[in-house]
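Pasted below: start-v3.cif, mmCIF, C-alpha atoms.
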data_data
loop_
_atom_site.label_atom_id
_atom_site.label_comp_id
_atom_site.auth_asym_id
_atom_site.auth_seq_id
_atom_site.Cartn_x
_atom_site.Cartn_y
_atom_site.Cartn_z
CA MET A 7 67.99 18.97 59.99
CA THR A 8 70.87 18.80 62.45
CA LEU A 9 72.26 21.77 64.36
CA SER A 10 75.34 22.02 62.12
CA GLN A 11 73.31 21.60 58.90
CA GLY A 12 70.97 24.38 59.94
CA PHE A 13 73.86 26.62 60.97
CA PHE A 14 75.69 26.29 57.64
CA LEU A 15 72.43 26.70 55.72
CA GLY A 16 71.83 29.96 57.61
CA LEU A 17 75.33 31.16 56.66
CA LYS A 18 75.25 29.92 53.05
CA THR A 19 72.04 31.72 52.17
CA TYR A 20 73.69 35.11 52.82
CA SER A 21 75.71 34.85 49.61
CA GLN A 22 72.61 33.55 47.83
CA ALA A 23 70.63 36.49 49.19
CA ASN A 24 73.07 39.02 47.71
CA THR A 25 72.70 37.43 44.28
CA PHE A 26 68.93 37.17 44.72
CA ILE A 27 68.61 40.87 45.62
CA ARG A 28 70.71 41.95 42.64
CA LYS A 29 68.95 39.73 40.09
CA ASN A 30 65.42 40.59 41.21
CA GLY A 31 65.73 44.36 41.49
CA LEU A 32 65.41 44.51 45.27
CA ARG A 33 68.34 46.88 45.86
CA ARG A 34 65.93 49.81 46.21
CA PHE A 35 65.12 48.52 49.72
CA PHE A 36 68.59 49.63 50.87
CA LEU A 37 67.25 53.18 50.73
CA TYR A 38 65.23 52.56 53.91
CA PRO A 39 68.14 51.77 56.27
CA LEU A 40 69.92 54.84 54.85
CA ILE A 41 66.99 57.03 55.88
CA LEU A 42 66.73 55.23 59.23
CA ASN A 43 70.42 55.79 60.01
CA ILE A 44 70.16 59.49 59.24
CA LEU A 45 67.10 59.86 61.48
CA LEU A 46 68.58 57.85 64.36
CA PHE A 47 71.86 59.72 64.41
CA THR A 48 70.33 63.14 63.91
CA LEU A 49 67.60 62.76 66.53
CA GLY A 50 69.80 60.70 68.84
CA PHE A 51 72.72 63.08 69.03
CA TYR A 52 70.43 66.12 69.21
CA THR A 53 68.49 64.60 72.12
CA ILE A 54 71.61 63.40 73.91
CA GLY A 55 73.29 66.77 73.41
CA SER A 56 70.31 68.54 74.91
CA TYR A 57 70.08 66.17 77.89
CA SER A 58 73.82 66.29 78.51
CA ASP A 59 73.69 70.10 78.69
CA ASP A 60 70.74 69.95 81.10
CA PHE A 61 72.46 67.32 83.26
CA THR A 62 75.70 69.30 83.30
CA THR A 63 73.81 72.40 84.39
CA TRP A 64 72.06 70.43 87.14
CA ILE A 65 75.38 69.05 88.43
CA SER A 66 76.93 72.53 88.38
CA THR A 67 73.97 73.97 90.29
CA THR A 68 73.95 71.11 92.82
CA LEU A 69 77.67 71.53 93.51
CA ASP A 70 77.29 75.31 93.44
CA VAL A 71 80.24 75.59 91.05
CA LYS A 72 79.86 79.34 90.59
CA SER A 73 80.64 79.93 94.27
CA TRP A 74 83.97 78.09 94.10
CA GLU A 75 86.72 80.54 95.03
CA PHE A 76 90.03 78.74 94.88
CA TRP A 77 92.87 78.77 92.41
CA GLY A 78 91.99 76.78 89.29
CA ALA A 79 88.25 76.68 90.06
CA ASP A 80 87.29 77.91 86.57
CA PHE A 81 89.50 75.32 84.89
CA LEU A 82 88.17 72.51 87.13
CA SER A 83 84.59 73.57 86.46
CA SER A 84 85.10 73.58 82.67
CA ALA A 85 86.95 70.25 82.73
CA MET A 86 84.21 68.64 84.83
CA GLN A 87 81.49 69.84 82.44
CA TRP A 88 83.45 68.54 79.42
CA ILE A 89 83.96 65.12 81.07
CA ILE A 90 80.25 64.85 81.95
CA ARG A 91 79.21 65.62 78.36
CA LEU A 92 81.72 63.11 77.01
CA MET A 93 80.57 60.36 79.41
CA ILE A 94 76.91 60.88 78.51
CA ARG A 95 77.68 60.66 74.79
CA LEU A 96 79.78 57.52 75.34
CA LEU A 97 76.94 55.94 77.33
CA PHE A 98 74.61 56.77 74.45
CA LEU A 99 76.94 55.09 71.96
CA LEU A 100 77.25 51.99 74.18
CA ALA A 101 73.47 51.75 74.64
CA TYR A 102 72.97 52.33 70.92
CA ALA A 103 75.48 49.59 70.11
CA TYR A 104 73.76 47.10 72.46
CA LEU A 105 70.16 47.94 71.60
CA GLY A 106 70.83 49.02 68.02
CA GLY A 107 70.13 45.60 66.55
CA TYR A 108 66.63 45.47 68.02
CA LEU A 109 66.05 49.13 67.24
CA ILE A 110 66.68 48.29 63.61
CA ILE A 111 64.41 45.22 63.75
CA ILE A 112 61.56 47.20 65.33
CA MET A 113 61.79 50.31 63.14
CA MET A 114 62.38 48.33 59.94
CA ALA A 115 59.51 45.90 60.58
CA PRO A 116 57.31 47.30 57.75
CA VAL A 117 60.18 46.97 55.27
CA PHE A 118 61.04 43.46 56.47
CA ALA A 119 57.43 42.35 56.03
CA ILE A 120 57.37 43.60 52.43
CA ILE A 121 60.76 42.28 51.29
CA SER A 122 60.23 38.88 52.92
CA GLU A 123 56.89 38.53 51.15
CA LYS A 124 58.36 39.63 47.82
CA THR A 125 61.20 37.13 48.22
CA GLU A 126 58.77 34.27 48.77
CA GLN A 127 56.58 35.37 45.86
CA ILE A 128 59.60 35.22 43.55
CA LEU A 129 60.60 31.80 44.95
CA SER A 130 57.12 30.30 44.61
CA GLY A 131 56.12 32.13 41.43
CA ASN A 132 52.81 33.05 43.03
CA SER A 133 51.83 36.72 43.10
CA ASN A 134 49.42 37.17 46.00
CA PRO A 135 47.42 40.43 46.20
CA PHE A 136 48.66 42.93 48.78
CA GLN A 137 46.48 43.02 51.90
CA TRP A 138 46.75 45.91 54.34
CA ALA A 139 45.32 43.85 57.20
CA GLN A 140 47.99 41.17 56.77
CA PHE A 141 50.67 43.84 56.34
CA PHE A 142 49.86 45.51 59.66
CA LYS A 143 49.52 42.11 61.30
CA ASP A 144 53.06 41.23 60.15
CA ILE A 145 54.40 44.53 61.50
CA ARG A 146 52.69 44.12 64.88
CA ARG A 147 53.91 40.55 65.26
CA GLY A 148 57.45 41.49 64.20
CA ILE A 149 57.65 44.30 66.76
CA LEU A 150 56.15 42.26 69.61
CA LEU A 151 58.43 39.33 68.85
CA ALA A 152 61.48 41.62 68.80
CA LEU A 153 60.51 43.04 72.20
CA ARG A 154 59.99 39.53 73.54
CA ASN A 155 63.37 38.38 72.26
CA LEU A 156 65.09 41.49 73.63
CA SER A 157 63.60 40.89 77.10
CA ILE A 158 64.73 37.26 77.12
CA GLU A 159 68.19 38.20 75.84
CA ILE A 160 68.61 40.82 78.58
CA PHE A 161 67.61 38.18 81.16
CA PHE A 162 70.23 35.74 79.84
CA THR A 163 72.80 38.53 79.61
CA ILE A 164 72.38 39.38 83.29
CA ILE A 165 72.79 35.72 84.28
CA LEU A 166 75.85 35.28 82.05
CA VAL A 167 77.47 38.45 83.40
CA PHE A 168 77.26 37.04 86.92
CA LEU A 169 78.57 33.67 85.71
CA SER A 170 81.51 35.41 84.05
CA PHE A 171 83.03 36.02 87.50
CA ILE A 172 83.29 32.27 88.12
CA PRO A 173 86.75 30.91 87.20
CA VAL A 174 86.84 28.74 84.04
CA VAL A 175 83.08 29.19 83.47
CA GLY A 176 83.67 32.86 82.72
CA ILE A 177 85.81 31.94 79.71
CA PHE A 178 82.76 30.65 77.84
CA THR A 179 80.33 33.44 78.72
CA THR A 180 81.44 35.80 75.92
CA VAL A 181 80.89 33.14 73.26
CA THR A 182 77.58 32.16 74.83
CA LEU A 183 76.40 35.78 74.87
CA PHE A 184 77.22 36.08 71.18
CA LEU A 185 75.35 32.86 70.31
CA VAL A 186 72.31 33.96 72.33
CA SER A 187 72.22 37.27 70.42
CA ALA A 188 72.64 35.51 67.08
CA TYR A 189 69.84 33.07 67.94
CA PHE A 190 67.31 35.78 68.76
CA TYR A 191 68.26 37.99 65.81
CA GLY A 192 67.88 35.02 63.48
CA PHE A 193 64.56 34.19 65.13
CA SER A 194 63.24 37.69 64.40
CA PHE A 195 64.26 37.52 60.73
CA ILE A 196 62.91 34.00 60.17
CA ASP A 197 59.53 34.65 61.80
CA TYR A 198 58.25 36.76 58.89
CA THR A 199 58.28 33.63 56.74
CA LEU A 200 56.75 31.48 59.48
CA GLU A 201 53.91 33.94 59.96
CA ARG A 202 52.99 33.70 56.27
CA LYS A 203 52.96 29.92 56.66
CA LYS A 204 50.18 30.46 59.23
CA LEU A 205 52.27 29.44 62.23
CA ASN A 206 51.16 31.21 65.38
CA VAL A 207 53.76 32.55 67.79
CA LYS A 208 53.74 29.35 69.87
CA ASN A 209 54.33 27.17 66.80
CA SER A 210 56.93 29.61 65.51
CA ILE A 211 58.86 29.32 68.78
CA GLN A 212 58.64 25.52 68.51
CA PHE A 213 59.96 25.63 64.93
CA ILE A 214 62.94 27.77 65.98
CA LYS A 215 63.69 25.45 68.90
CA GLN A 216 63.79 22.54 66.45
CA ASN A 217 65.98 24.55 64.07
CA LYS A 218 68.34 26.36 66.46
CA GLY A 219 71.23 26.04 64.04
CA LEU A 220 69.27 27.81 61.31
CA ALA A 221 68.46 30.74 63.60
CA ILE A 222 72.03 31.02 64.91
CA GLY A 223 73.50 30.77 61.41
CA ASN A 224 71.23 33.49 60.08
CA GLY A 225 71.83 35.78 63.04
CA THR A 226 75.61 35.25 63.21
CA ILE A 227 76.58 37.61 60.37
CA PHE A 228 74.26 40.31 61.69
CA SER A 229 75.69 39.92 65.21
CA LEU A 230 79.28 40.06 63.95
CA VAL A 231 78.65 43.31 62.10
CA LEU A 232 77.13 44.86 65.23
CA LEU A 233 80.45 44.24 67.02
CA ILE A 234 82.33 46.59 64.66
CA PRO A 235 83.20 49.70 66.70
CA PHE A 236 81.37 52.95 65.87
CA ILE A 237 79.94 51.91 62.49
CA GLY A 238 78.54 48.48 63.39
CA VAL A 239 74.92 49.57 63.85
CA THR A 240 75.04 51.71 60.70
CA LEU A 241 76.26 48.78 58.60
CA ALA A 242 73.83 46.40 60.32
CA GLY A 243 70.93 48.51 59.08
CA PHE A 244 71.89 47.72 55.47
CA LEU A 245 72.79 44.12 56.29
CA SER A 246 69.37 43.57 57.86
CA ILE A 247 67.84 43.66 54.36
CA VAL A 248 70.16 40.84 53.28
CA SER A 249 69.45 39.00 56.56
CA VAL A 250 65.69 38.97 55.96
CA VAL A 251 66.09 37.73 52.38
CA ALA A 252 68.60 35.10 53.56
CA ALA A 253 66.21 34.03 56.34
CA THR A 254 63.36 33.68 53.83
CA LEU A 255 65.51 31.61 51.46
CA ALA A 256 66.81 29.40 54.28
CA THR A 257 63.38 28.86 55.87
CA HIS A 258 61.82 28.12 52.49
CA LYS A 259 64.46 25.43 51.88
CA ALA A 260 64.25 24.04 55.44
CA CYS A 261 60.46 23.70 55.21
CA ALA A 262 60.75 22.00 51.81
CA GLU A 263 63.27 19.51 53.23
CA ASN A 264 61.05 18.81 56.24
CA THR A 265 58.09 18.19 53.93
CA THR A 266 60.15 15.78 51.81
CA GLN A 267 61.37 13.90 54.89
CA ASN A 268 57.83 13.61 56.28
CA THR A 269 56.56 12.34 52.91
CA ASN A 270 59.30 9.71 52.67
CA SER A 271 58.72 8.54 56.22
#

In structure tokens, what does this structure look like?
Amino acid sequence: MTLSQGFFLGLKTYSQANTFIRKNGLRRFFLYPLILNILLFTLGFYTIGSYSDDFTTWISTTLDVKSWEFWGADFLSSAMQWIIRLMIRLLFLLAYAYLGGYLIIIMMAPVFAIISEKTEQILSGNSNPFQWAQFFKDIRRGILLALRNLSIEIFFTIILVFLSFIPVVGIFTTVTLFLVSAYFYGFSFIDYTLERKKLNVKNSIQFIKQNKGLAIGNGTIFSLVLLIPFIGVTLAGFLSIVSVVAATLATHKACAENTTQNTNS
């Protein structure tokens, strides 16, 4: 499968995944990202609010704001505290937007393992008995792989940020950053299927390298949604369910095509 064939297969299976979810009664899985979003926003904003108040108090104490005795000191003190709180909340939103995709992948790992397995059972017609050991193995591998991909993506991001200051080269860094993100997101979604096919992490990495287009195509929609200001991460939580089903459909088809090609050769 060529790069372009894999890419368009990764994109095409998104529409197929929507139909597949609706026809096979899998829409109940959208309840999980709803719960996740409520927890993340509630706990996140509560924690950030608490830390911003503590940090503001520390700054005020360090600068000895209460001892200021000039005209407008009270106004300046209040304005400074308001700006500090606003900056901390904005930093939280920026960090949440950047790390939100992997936060979803890590926290939704149990759900991804179940829905990917159910998708393949429907495709194959085989109903395998549920095994707790395999379930927890899928979760552990999904989380570790997400952390691995995040670390590598951060490394590439740092390099690309420095390259962005080079004339001409910098023009392509934004697109490259997007493709890198899409690649690793797609990798995380596809790996649930590869694990069930008994591929270890090393072989899974090799499969993704040989099918870069498939990974990028699958991760592109997810990455695009994450770019939507303010609500991107919230929407991505729901889209992740579709992404995993799409990844399972695409990988199932890609493996079938590879088997056919190997048989013919």

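Ranking A:Leu105, A:Ile211, A:Leu46, A:Ala221 by their shortest atom-to-atom distance to A:Tyr191, with all atoms listed in the file included, puts A:Ala221 first.
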
Neighbour list for stretch 243-251 of chain A as JSON, numbers by chain, cut-off 10 Å, all atoms listed in the file, skip fewer than 4 positions in-chain: {"A": [16, 17, 19, 20, 21, 22, 23, 24, 25, 26, 27, 32, 33, 35, 36, 37, 38, 39, 40, 41, 42, 43, 106, 107, 109, 110, 111, 114, 117, 118, 119, 121, 122, 123, 124, 125, 126, 191, 192, 194, 195, 196, 197, 198, 199, 224, 225, 226, 227, 228, 231, 232, 238, 239, 255, 256, 257]}

As a ChimeraX atom specification, please: the residues near stretch 175-184 of chain A (cut-off 12 Å, only C-alpha atoms, same-chain neighbours under 4 positions excluded). /A:104,158-171,188-191,222-223,225-233

Store the residues picked out above in a file with C-alpha atoms, as a short mmCIF file (atom, residue, chain, number, x, y, z; two decimals), keeping the file's coordinate frame.
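Result file again_29.cif:
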data_model
loop_
_atom_site.label_atom_id
_atom_site.label_comp_id
_atom_site.auth_asym_id
_atom_site.auth_seq_id
_atom_site.Cartn_x
_atom_site.Cartn_y
_atom_site.Cartn_z
CA TYR A 104 73.76 47.10 72.46
CA ILE A 158 64.73 37.26 77.12
CA GLU A 159 68.19 38.20 75.84
CA ILE A 160 68.61 40.82 78.58
CA PHE A 161 67.61 38.18 81.16
CA PHE A 162 70.23 35.74 79.84
CA THR A 163 72.80 38.53 79.61
CA ILE A 164 72.38 39.38 83.29
CA ILE A 165 72.79 35.72 84.28
CA LEU A 166 75.85 35.28 82.05
CA VAL A 167 77.47 38.45 83.40
CA PHE A 168 77.26 37.04 86.92
CA LEU A 169 78.57 33.67 85.71
CA SER A 170 81.51 35.41 84.05
CA PHE A 171 83.03 36.02 87.50
CA ALA A 188 72.64 35.51 67.08
CA TYR A 189 69.84 33.07 67.94
CA PHE A 190 67.31 35.78 68.76
CA TYR A 191 68.26 37.99 65.81
CA ILE A 222 72.03 31.02 64.91
CA GLY A 223 73.50 30.77 61.41
CA GLY A 225 71.83 35.78 63.04
CA THR A 226 75.61 35.25 63.21
CA ILE A 227 76.58 37.61 60.37
CA PHE A 228 74.26 40.31 61.69
CA SER A 229 75.69 39.92 65.21
CA LEU A 230 79.28 40.06 63.95
CA VAL A 231 78.65 43.31 62.10
CA LEU A 232 77.13 44.86 65.23
CA LEU A 233 80.45 44.24 67.02
#

Between atom CA of A:Phe14 and atom CA of A:Arg147, what is the spacing in Å?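 Separation of atom CA of A:Arg147 and atom CA of A:Phe14: 27.1 Å.
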
Name the residues that the PyMOL selection byres ((chain A and resi 261) around 12) picks from the file above, as a PyMOL selection string, using the file's chain letters and numbers. chain A and resi 7+12+196+199-200+203+213-214+216-217+220+253-260+262-268

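Nearest to A:Ile237 of all the residues A:Gln11, A:Leu153, A:Trp88, A:Phe47 is A:Phe47, based on all atoms listed in the file.
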
Kindly compute an axis-aligned box around the listed atoms of stretch 161-174 of chain A, allowing 8 Å on each side, and express its centre and edge lengths in Å to one decimal as lines of an AutoDock Vina configuration file.
center_x = 77.2
center_y = 34.1
center_z = 83.9
size_x = 35.2
size_y = 26.6
size_z = 24.5

Residues proximal to (58.3, 47.9, 65.0) were defined as those with any atom within 7 Å of that point in the file's coordinates, counting only C-alpha atoms. Which are they, as number ranges by chain? A: 111-115, 145-146, 148-149

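The shortest atom-to-atom distance to A:Lys215, with all atoms listed in the file taken into account, belongs to A:Leu9 out of A:Leu15, A:Ile44, A:Ala139, A:Leu9.
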
Selected residue, from A:Leu151, A:Val186, A:Leu45, A:Ala242, that lies nearest to A:Glu201 when counting only C-alpha atoms: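 With only C-alpha atoms as the atom set, the closest residue is A:Leu151.
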